Amino acid sequence: MVRGQETVKRALEIAASGGHNILMMGPPGSGKTLLARCLPSILPPLSYEEALETTTIHSVMGQDLSQGLIFERPFRSPRHSISNKALIGGGRYPMPGQISMAHNGVLFLDELPEFTRKTLEALRQPIEEGQVQLSRAQYSVTYPCNVMLVCSMNPSDQVDGPLSAAYLKKISGPLLDRIDLNLEVSAVSFEKLSNTVAAESSAQIR
């Protein structure tokens with residue numbers, strides 16, 4: 001349950017209903033990461049077919065599936081130092097990347113401008129097409145990656161001097177074109193944080 005941020009929560013509800021990609025901009029400590037982590041809990045439950053797809057991808061990665069099919073929507077939050085191969089997929093025997101591990105769920109890129117421009121550019125086609133095609137000399141593999149892309153960043157005026165231009169320059173126009181909602185996330189006052197009135201739960205929003 002998240003206290004405050006009513007406008008942002010309403011925007012996330014709209015995004016969840018339509019599968020829209022989101023960019024949240026706000027100062028550190030305003031709750032961007034917490035809001036992103038709560039997003040899967042208001043998405044519709046996985047259908048059997050979606051659970052089967054999700055479980056298959058995780059099985060390819062050798063994860064423990066002793067509990068059966070995965071019925072919770074994935075949430076993946078790779079670090080900004082991640083390589084293209086780890087994010088998109090690849091290797092001598094092409095394996096899924098983080099974007100496919102987030103299939104049917106949320107891929108969260110915290111501090112978006114800290115990722116290299118090359119890495120962000122590699123996201124454009126998979127986000128647009130909902131799949132990743134990995135080709136090698138002997139064969140090619142296609143992995144699904146139907147994800148909600150959720151990104152966060154600090155306001156550029158909080159980045160020192162000339163670094164602010166470089167901070168924003170990493171984010172290309174074509175990538176921003178694939179983001180449907182831009183949300184301003186302000187710091188929450190102590191009064192709202194300490195309010196004892198129960199906020200709307202994820203189950204109610206779902």
# chains A, B, ... in the order shown; residues from 1 in each chain; ligands from 1

$ residues_around --residues "Glu72 of chain A" --least-positions-apart "5" --cutoff "8 Å" --atoms "only C-alpha atoms" --output "VMD selection string"
chain A and resid 45 to 46 51

$ write_last_selection --atoms "all heavy atoms" --output "compact mmCIF listing (two decimals), in the first residue's frame"
# COMPACT_ATOMS: atom_id res chain seq x y z
N PRO A 45 -4.34 -10.88 -13.59
CA PRO A 45 -3.65 -12.16 -13.37
C PRO A 45 -3.25 -12.79 -14.71
O PRO A 45 -3.91 -12.57 -15.73
CB PRO A 45 -4.70 -13.01 -12.65
CG PRO A 45 -5.67 -12.04 -12.07
CD PRO A 45 -5.70 -10.87 -13.01
N LEU A 46 -2.18 -13.54 -14.69
CA LEU A 46 -1.75 -14.24 -15.90
C LEU A 46 -2.79 -15.27 -16.32
O LEU A 46 -3.32 -16.01 -15.48
CB LEU A 46 -0.41 -14.94 -15.68
CG LEU A 46 0.86 -14.08 -15.59
CD1 LEU A 46 2.05 -14.96 -15.26
CD2 LEU A 46 1.10 -13.32 -16.89
N ALA A 51 0.99 -17.86 -18.46
CA ALA A 51 1.78 -18.53 -17.43
C ALA A 51 2.69 -19.58 -18.05
O ALA A 51 3.84 -19.75 -17.65
CB ALA A 51 0.85 -19.17 -16.39

$ residues_around --residues "Met24 of chain A" --least-positions-apart "3" --cutoff "9 Å" --atoms "only C-alpha atoms" --output "VMD selection string"
chain A and resid 8 32 150 to 154 181 to 185

$ write_last_selection --atoms "N, CA and C atoms" --output "PDB file, in the first residue's frame"
ATOM      1  N   VAL A   8      -0.125  10.049  -9.404  1.00  0.00           N
ATOM      2  CA  VAL A   8       0.755   9.072 -10.050  1.00  0.00           C
ATOM      3  C   VAL A   8       0.120   7.682 -10.022  1.00  0.00           C
ATOM      4  N   LYS A  32       9.648   6.522  -6.691  1.00  0.00           N
ATOM      5  CA  LYS A  32       9.557   5.998  -8.059  1.00  0.00           C
ATOM      6  C   LYS A  32       9.759   4.486  -8.109  1.00  0.00           C
ATOM      7  N   VAL A 150       8.939   0.396 -17.839  1.00  0.00           N
ATOM      8  CA  VAL A 150       8.798   1.458 -16.843  1.00  0.00           C
ATOM      9  C   VAL A 150      10.189   2.017 -16.561  1.00  0.00           C
ATOM     10  N   CYS A 151      10.355   3.306 -16.748  1.00  0.00           N
ATOM     11  CA  CYS A 151      11.658   3.945 -16.560  1.00  0.00           C
ATOM     12  C   CYS A 151      11.544   5.053 -15.517  1.00  0.00           C
ATOM     13  N   SER A 152      12.663   5.355 -14.882  1.00  0.00           N
ATOM     14  CA  SER A 152      12.686   6.475 -13.939  1.00  0.00           C
ATOM     15  C   SER A 152      13.967   7.265 -14.137  1.00  0.00           C
ATOM     16  N   MET A 153      13.912   8.519 -13.763  1.00  0.00           N
ATOM     17  CA  MET A 153      15.098   9.368 -13.836  1.00  0.00           C
ATOM     18  C   MET A 153      14.915  10.563 -12.916  1.00  0.00           C
ATOM     19  N   ASN A 154      16.031  11.183 -12.546  1.00  0.00           N
ATOM     20  CA  ASN A 154      15.999  12.412 -11.776  1.00  0.00           C
ATOM     21  C   ASN A 154      15.793  13.593 -12.723  1.00  0.00           C
ATOM     22  N   LEU A 181       3.424   7.510 -21.408  1.00  0.00           N
ATOM     23  CA  LEU A 181       3.067   8.406 -20.309  1.00  0.00           C
ATOM     24  C   LEU A 181       4.325   8.915 -19.618  1.00  0.00           C
ATOM     25  N   ASN A 182       4.404  10.228 -19.463  1.00  0.00           N
ATOM     26  CA  ASN A 182       5.489  10.855 -18.711  1.00  0.00           C
ATOM     27  C   ASN A 182       4.911  11.408 -17.425  1.00  0.00           C
ATOM     28  N   LEU A 183       5.403  10.907 -16.299  1.00  0.00           N
ATOM     29  CA  LEU A 183       4.820  11.247 -15.005  1.00  0.00           C
ATOM     30  C   LEU A 183       5.802  12.024 -14.148  1.00  0.00           C
ATOM     31  N   GLU A 184       5.329  13.106 -13.562  1.00  0.00           N
ATOM     32  CA  GLU A 184       6.135  13.853 -12.599  1.00  0.00           C
ATOM     33  C   GLU A 184       5.821  13.334 -11.204  1.00  0.00           C
ATOM     34  N   VAL A 185       6.839  12.843 -10.518  1.00  0.00           N
ATOM     35  CA  VAL A 185       6.676  12.266  -9.182  1.00  0.00           C
ATOM     36  C   VAL A 185       7.327  13.207  -8.176  1.00  0.00           C
TER      37      VAL A 185
END

$ closest_residue --among "A:Leu149, A:Phe115, A:Lys9, A:Val141" --to "Pro94 of chain A" --atoms "only C-alpha atoms"
A:Val141

$ closest_residue --among "A:Arg124, A:His58, A:Lys118, A:His20" --to "Leu43 of chain A" --atoms "only C-alpha atoms"
A:His20

$ residues_around --residues "Ile205 of chain A" --least-positions-apart "3" --cutoff "12 Å" --atoms "only C-alpha atoms" --output "PyMOL selection string"
chain A and resi 1-2+9-14+16-17+38-44+199-202

$ select_by_dssp --residues "segment 28-202 of chain A" --states "strand (DSSP E)" --output "PyMOL selection string"
chain A and resi 75-76+89-90+95-96+106-109+131-135+140-144+148-153+181-184

$ write_last_selection --atoms "N, CA and C atoms" --output "compact mmCIF listing (two decimals), in the first residue's frame"
# COMPACT_ATOMS: atom_id res chain seq x y z
N PHE A 75 8.80 -9.18 -12.65
CA PHE A 75 9.32 -7.83 -12.49
C PHE A 75 10.83 -7.94 -12.54
N ARG A 76 11.45 -7.33 -13.54
CA ARG A 76 12.90 -7.38 -13.69
C ARG A 76 13.44 -5.96 -13.65
N GLY A 89 19.55 -10.52 -24.81
CA GLY A 89 19.73 -11.96 -25.03
C GLY A 89 20.89 -12.20 -25.98
N GLY A 90 21.41 -13.40 -25.95
CA GLY A 90 22.51 -13.73 -26.85
C GLY A 90 23.40 -14.81 -26.28
N MET A 95 20.55 -17.28 -25.40
CA MET A 95 19.69 -17.40 -24.23
C MET A 95 18.87 -16.13 -24.07
N PRO A 96 17.74 -16.20 -23.39
CA PRO A 96 16.92 -15.00 -23.18
C PRO A 96 17.65 -13.97 -22.33
N VAL A 106 6.80 -6.62 -16.12
CA VAL A 106 7.36 -5.27 -16.10
C VAL A 106 8.87 -5.31 -16.20
N LEU A 107 9.43 -4.52 -17.11
CA LEU A 107 10.87 -4.28 -17.18
C LEU A 107 11.11 -2.87 -16.67
N PHE A 108 11.81 -2.76 -15.53
CA PHE A 108 12.03 -1.46 -14.88
C PHE A 108 13.48 -1.03 -15.07
N LEU A 109 13.66 0.12 -15.70
CA LEU A 109 14.99 0.69 -15.88
C LEU A 109 15.11 1.92 -14.99
N GLN A 131 9.20 -9.03 -29.40
CA GLN A 131 10.01 -10.25 -29.52
C GLN A 131 11.45 -9.89 -29.85
N VAL A 132 12.34 -10.81 -29.54
CA VAL A 132 13.77 -10.65 -29.82
C VAL A 132 14.20 -11.76 -30.74
N GLN A 133 14.84 -11.42 -31.84
CA GLN A 133 15.35 -12.42 -32.78
C GLN A 133 16.87 -12.46 -32.65
N LEU A 134 17.39 -13.63 -32.31
CA LEU A 134 18.83 -13.83 -32.14
C LEU A 134 19.30 -14.82 -33.20
N SER A 135 20.18 -14.35 -34.07
CA SER A 135 20.64 -15.17 -35.20
C SER A 135 22.10 -15.56 -35.03
N SER A 140 18.66 -19.71 -35.74
CA SER A 140 18.16 -18.48 -35.13
C SER A 140 17.08 -18.83 -34.12
N VAL A 141 16.95 -17.98 -33.11
CA VAL A 141 15.99 -18.20 -32.04
C VAL A 141 15.18 -16.91 -31.85
N THR A 142 13.90 -17.07 -31.60
CA THR A 142 13.05 -15.92 -31.29
C THR A 142 12.47 -16.10 -29.89
N TYR A 143 12.69 -15.09 -29.04
CA TYR A 143 12.13 -15.11 -27.69
C TYR A 143 11.11 -13.98 -27.57
N PRO A 144 9.97 -14.24 -26.93
CA PRO A 144 8.98 -13.17 -26.74
C PRO A 144 9.44 -12.18 -25.68
N MET A 148 5.71 -4.32 -20.17
CA MET A 148 5.50 -2.91 -19.88
C MET A 148 6.85 -2.33 -19.49
N LEU A 149 7.31 -1.37 -20.25
CA LEU A 149 8.58 -0.72 -19.95
C LEU A 149 8.32 0.44 -18.99
N VAL A 150 8.94 0.40 -17.84
CA VAL A 150 8.80 1.46 -16.84
C VAL A 150 10.19 2.02 -16.56
N CYS A 151 10.36 3.31 -16.75
CA CYS A 151 11.66 3.94 -16.56
C CYS A 151 11.54 5.05 -15.52
N SER A 152 12.66 5.35 -14.88
CA SER A 152 12.69 6.47 -13.94
C SER A 152 13.97 7.26 -14.14
N MET A 153 13.91 8.52 -13.76
CA MET A 153 15.10 9.37 -13.84
C MET A 153 14.91 10.56 -12.92
N LEU A 181 3.42 7.51 -21.41
CA LEU A 181 3.07 8.41 -20.31
C LEU A 181 4.32 8.91 -19.62
N ASN A 182 4.40 10.23 -19.46
CA ASN A 182 5.49 10.85 -18.71
C ASN A 182 4.91 11.41 -17.42
N LEU A 183 5.40 10.91 -16.30
CA LEU A 183 4.82 11.25 -15.01
C LEU A 183 5.80 12.02 -14.15
N GLU A 184 5.33 13.11 -13.56
CA GLU A 184 6.14 13.85 -12.60
C GLU A 184 5.82 13.33 -11.20

$ closest_residue --among "A:Leu35, A:Ala15, A:Ala102, A:Leu69" --to "Ile127 of chain A" --atoms "only C-alpha atoms"
A:Ala102

$ select_by_dssp --residues "segment 45-163 of chain A" --states "helix (DSSP H, G or I)" --output "ChimeraX atom specification"
/A:48-60,84-88,98-101,112-114,117-129,156-158,163

$ closest_residue --among "A:Leu176, A:Ile171, A:Ala36, A:Ala86" --to "Leu112 of chain A" --atoms "only C-alpha atoms"
A:Ile171

$ residues_around --residues "Ala122 of chain A" --least-positions-apart "3" --cutoff "9 Å" --atoms "only C-alpha atoms" --output "list in words"
Asn84, Leu87, Ile88, Arg117, Lys118, Thr119, Gln125 and Pro126 of chain A

$ closest_residue --among "A:Thr7, A:Phe71, A:Pro174, A:Thr116" --to "Tyr48 of chain A" --atoms "only C-alpha atoms"
A:Phe71

$ atom_distance --atom1 "atom CA of Ser66 of chain A" --atom2 "atom CA of Ser47 of chain A"
19.6 Å
